[in-house]
Amino acid sequence: MTDGSLHRSRRARAALAHLPEVDPALASLALWCEVRDGTETKTCTSSDVIHVGTDFERLALQEQIGLIGRHVLHVALRHEYALCDMQARRGGSFSLDTYSLCCSAIVNEYLVKGGHALPRPAVLLSDLLAAALDEDAVSTPDPLSYLNADKLYLRLIGGGGQTLERAQAFADEKAFHPDILPDTPDALMDRKAPEWRAHLIRAYQASGGAGRGIGSVLRSAGINMQSRTPWERRLRGLVAKAVSHKPRQSFRRPRAAWIARDADAFDRNVPRPVFEPAQLRQHLRPRIVVGVDTSGSVTREILAMFAAELVGIARKGGAETHVLFFDEEVYADVILDEYRPQSIFDQILFRLDGGTSFLQLMTRAEALSPSVIIVLTDGAGHFGQPPASRVIWASPKPMPTRPPFGEVLDLSQ
């Protein structure tokens with residue numbers, strides 16, 4: 001298949017031909033990638049297609065193999081789709097360059113551990129952790145075992161401005177250029193993710209789990225490749241489930257299908273079917289209440305995370321979203337404009353001091369008869385009695401005390 005329909009690149013022909021000999025696992029993954037000669041200078045990846053740059057042939061053969069390997073892993077780990085998904089989740093605060101840096105640092109670390117050469121200078125995960133987060137190889141002996149692109153990106157942006165400045169300085173020092181092109185129209189719909197998980201497993205098995213190439217480190221890739229549902233998707237799923245209404249039955253009129261069956265039974269002089277009630281549709285627009293904790297224990301970074309998630313909930317559509325800003329009491333109540341959701345944060349003068357109490361919040365929220373109450377908080381406060389509505393506690397870090405009611409969603413995972 002190396003010379004088949006998927007591999008149309010003349011420039012990468014020698015590197016692809018040598019892959020089975022030097023790295024059986026990587027060669028197995030490369031079979032499922034489409035490789036073409038591109039028009040740009042640098043080699044880049046878009047969806048499942050690797051566009052080989054015009055400067056590729058200037059590299060030594062071993063560096064060509066390493067560079068092709070980097071992009072094969074970009075495809076195998078679904079980095080373009082992960083990038084587009086993170087961009088949708090973070091909105092205007094998303095940094096394409098930082099996320100691309102995370103992707104390249106991870107795949108380069110895989111390749112170096114597998115004994116491959118890379119065009120220099122190359123960004124490595126271990127070096128990025130040391131430069132941006134002051135984590136050395138002693139304290140983090142195998143970061144590939146617990147970090148994927150999403151987790152690494154969230155750690156970098158969670159570290160604040162100084163961490164991001166260090167990461168950018170590291171990228172500049174290595175002359176890093178993003179090599180993932182997120183231009184696929186349906187990039188948020190990765191229908192091939194299950195297939196690629198299977199490809200990774202087969203590649204690991206084909207290599208025997210050891211020996212030449214990246215086979216010995218592929219197990220980490222399988223573990224970290226979207227092994228859990230991102231919290232944003234889970235939260236939106238919980239909200240969608242809460243606001244969806246099951247039709248109620250009305251015995252005042254029959255179901256249309258029953259009328260037809262009853263008429264047919266009457267014509268044929270057979271026993272009539274058991275009466276089936278009609279289904280009543282729910283015409284009331286569902287309502288969501290979001291409580292935003294702005295007490296002294298909530299930092300501006302956490303508040304920015306809350307803002308990004310409010311945008312995501314607003315874009316979900318269909319429900320009227322009320323936002324209650326509170327500390328010990330509710331001091332602002334606005335309805336979210338789904339077309340300009342960020343504007344509410346320009347209208348409110350935040351009170352970023354004082355304690356936290358959920359008592360008045362629950363009372364005010366319950367008065368709005370919501371389908372669900374979402375509380376974005378760090379969890380330190382007085383809970384009171386549970387309301388009749390469903391409650392979801394979304395916390396940016398593990399809550400010090402588990403709430404006596406509701407479902408807890410840890411945003412740090």
# chains A, B, ... in the order shown; residues from 1 in each chain; ligands from 1
call {"tool": "residues_around", "arguments": {"residues": "segment 58-75 of chain A", "least_positions_apart": "6", "cutoff": "9 Å", "atoms": "only C-alpha atoms", "output": "ChimeraX atom specification"}}
result
/A:12,14-16,18-19,26-27,29-30,32-33,43-50,52,103-104,107-108,110-112,116-120,179-180,196
call {"tool": "select_by_dssp", "arguments": {"residues": "segment 349-409 of chain A", "states": "strand (DSSP E or B)", "output": "PDB file with N, CA and C atoms, in the first residue's frame"}}
result
ATOM      1  N   SER A 357     -21.889  31.879  49.834  1.00  0.00           N
ATOM      2  CA  SER A 357     -23.056  31.188  50.353  1.00  0.00           C
ATOM      3  C   SER A 357     -23.974  30.877  49.182  1.00  0.00           C
ATOM      4  N   VAL A 372     -32.625  23.123  35.020  1.00  0.00           N
ATOM      5  CA  VAL A 372     -31.377  22.736  35.673  1.00  0.00           C
ATOM      6  C   VAL A 372     -30.706  23.987  36.226  1.00  0.00           C
ATOM      7  N   ILE A 373     -30.022  23.827  37.346  1.00  0.00           N
ATOM      8  CA  ILE A 373     -29.224  24.900  37.943  1.00  0.00           C
ATOM      9  C   ILE A 373     -27.761  24.478  37.871  1.00  0.00           C
ATOM     10  N   ILE A 374     -26.949  25.281  37.216  1.00  0.00           N
ATOM     11  CA  ILE A 374     -25.507  25.013  37.126  1.00  0.00           C
ATOM     12  C   ILE A 374     -24.795  26.035  37.995  1.00  0.00           C
ATOM     13  N   VAL A 375     -23.951  25.566  38.884  1.00  0.00           N
ATOM     14  CA  VAL A 375     -23.226  26.474  39.766  1.00  0.00           C
ATOM     15  C   VAL A 375     -21.740  26.346  39.446  1.00  0.00           C
ATOM     16  N   LEU A 376     -21.164  27.396  38.906  1.00  0.00           N
ATOM     17  CA  LEU A 376     -19.746  27.444  38.592  1.00  0.00           C
ATOM     18  C   LEU A 376     -19.030  28.041  39.798  1.00  0.00           C
ATOM     19  N   HIS A 382     -21.683  27.779  52.095  1.00  0.00           N
ATOM     20  CA  HIS A 382     -22.800  27.185  52.819  1.00  0.00           C
ATOM     21  C   HIS A 382     -23.839  26.713  51.804  1.00  0.00           C
ATOM     22  N   ARG A 390     -32.849  20.112  39.346  1.00  0.00           N
ATOM     23  CA  ARG A 390     -31.576  19.410  39.265  1.00  0.00           C
ATOM     24  C   ARG A 390     -30.437  20.413  39.396  1.00  0.00           C
ATOM     25  N   VAL A 391     -29.365  20.018  40.120  1.00  0.00           N
ATOM     26  CA  VAL A 391     -28.225  20.905  40.350  1.00  0.00           C
ATOM     27  C   VAL A 391     -26.947  20.229  39.860  1.00  0.00           C
ATOM     28  N   ILE A 392     -26.139  20.995  39.120  1.00  0.00           N
ATOM     29  CA  ILE A 392     -24.817  20.541  38.676  1.00  0.00           C
ATOM     30  C   ILE A 392     -23.787  21.507  39.227  1.00  0.00           C
ATOM     31  N   TRP A 393     -22.862  20.996  40.034  1.00  0.00           N
ATOM     32  CA  TRP A 393     -21.775  21.806  40.577  1.00  0.00           C
ATOM     33  C   TRP A 393     -20.564  21.641  39.660  1.00  0.00           C
ATOM     34  N   ALA A 394     -20.146  22.706  39.002  1.00  0.00           N
ATOM     35  CA  ALA A 394     -18.986  22.671  38.123  1.00  0.00           C
ATOM     36  C   ALA A 394     -17.845  23.415  38.803  1.00  0.00           C
ATOM     37  N   SER A 395     -16.797  22.689  39.152  1.00  0.00           N
ATOM     38  CA  SER A 395     -15.706  23.282  39.921  1.00  0.00           C
ATOM     39  C   SER A 395     -14.390  23.196  39.159  1.00  0.00           C
ATOM     40  N   GLU A 407     -24.952  16.977  41.389  1.00  0.00           N
ATOM     41  CA  GLU A 407     -23.881  16.225  40.749  1.00  0.00           C
ATOM     42  C   GLU A 407     -22.666  17.123  40.612  1.00  0.00           C
ATOM     43  N   VAL A 408     -21.491  16.571  40.917  1.00  0.00           N
ATOM     44  CA  VAL A 408     -20.245  17.342  40.877  1.00  0.00           C
ATOM     45  C   VAL A 408     -19.500  17.043  39.583  1.00  0.00           C
ATOM     46  N   LEU A 409     -19.055  18.102  38.910  1.00  0.00           N
ATOM     47  CA  LEU A 409     -18.264  17.986  37.704  1.00  0.00           C
ATOM     48  C   LEU A 409     -16.951  18.708  37.920  1.00  0.00           C
TER      49      LEU A 409
END
call {"tool": "closest_residue", "arguments": {"among": "A:Ala193, A:Ala319, A:Leu156, A:Val123", "to": "Tyr99 of chain A", "atoms": "only C-alpha atoms"}}
result
A:Leu156
call {"tool": "atom_distance", "arguments": {"atom1": "atom CA of Phe275 of chain A", "atom2": "atom CA of Arg253 of chain A"}}
result
9.7 Å
call {"tool": "closest_residue", "arguments": {"among": "A:Gly115, A:Pro121, A:Gly161, A:Pro273", "to": "Val217 of chain A", "atoms": "only C-alpha atoms"}}
result
A:Gly115
call {"tool": "closest_residue", "arguments": {"among": "A:Leu181, A:Val330, A:Ala175, A:Leu144", "to": "His79 of chain A", "atoms": "only C-alpha atoms"}}
result
A:Leu181
call {"tool": "closest_residue", "arguments": {"among": "A:Lys397, A:Phe358, A:Ala263, A:Ile106", "to": "Gln385 of chain A", "atoms": "only C-alpha atoms"}}
result
A:Phe358
call {"tool": "residues_around", "arguments": {"residues": "Gly291 of chain A", "least_positions_apart": "2", "cutoff": "6 Å", "atoms": "only C-alpha atoms", "output": "list in words"}}
result
Val323, Leu324, Phe325 and Val375 of chain A
call {"tool": "atom_distance", "arguments": {"atom1": "atom CA of Ala25 of chain A", "atom2": "atom CA of Glu109 of chain A"}}
result
15.6 Å
call {"tool": "atom_distance", "arguments": {"atom1": "atom CA of Gly213 of chain A", "atom2": "atom CA of Pro24 of chain A"}}
result
7.1 Å
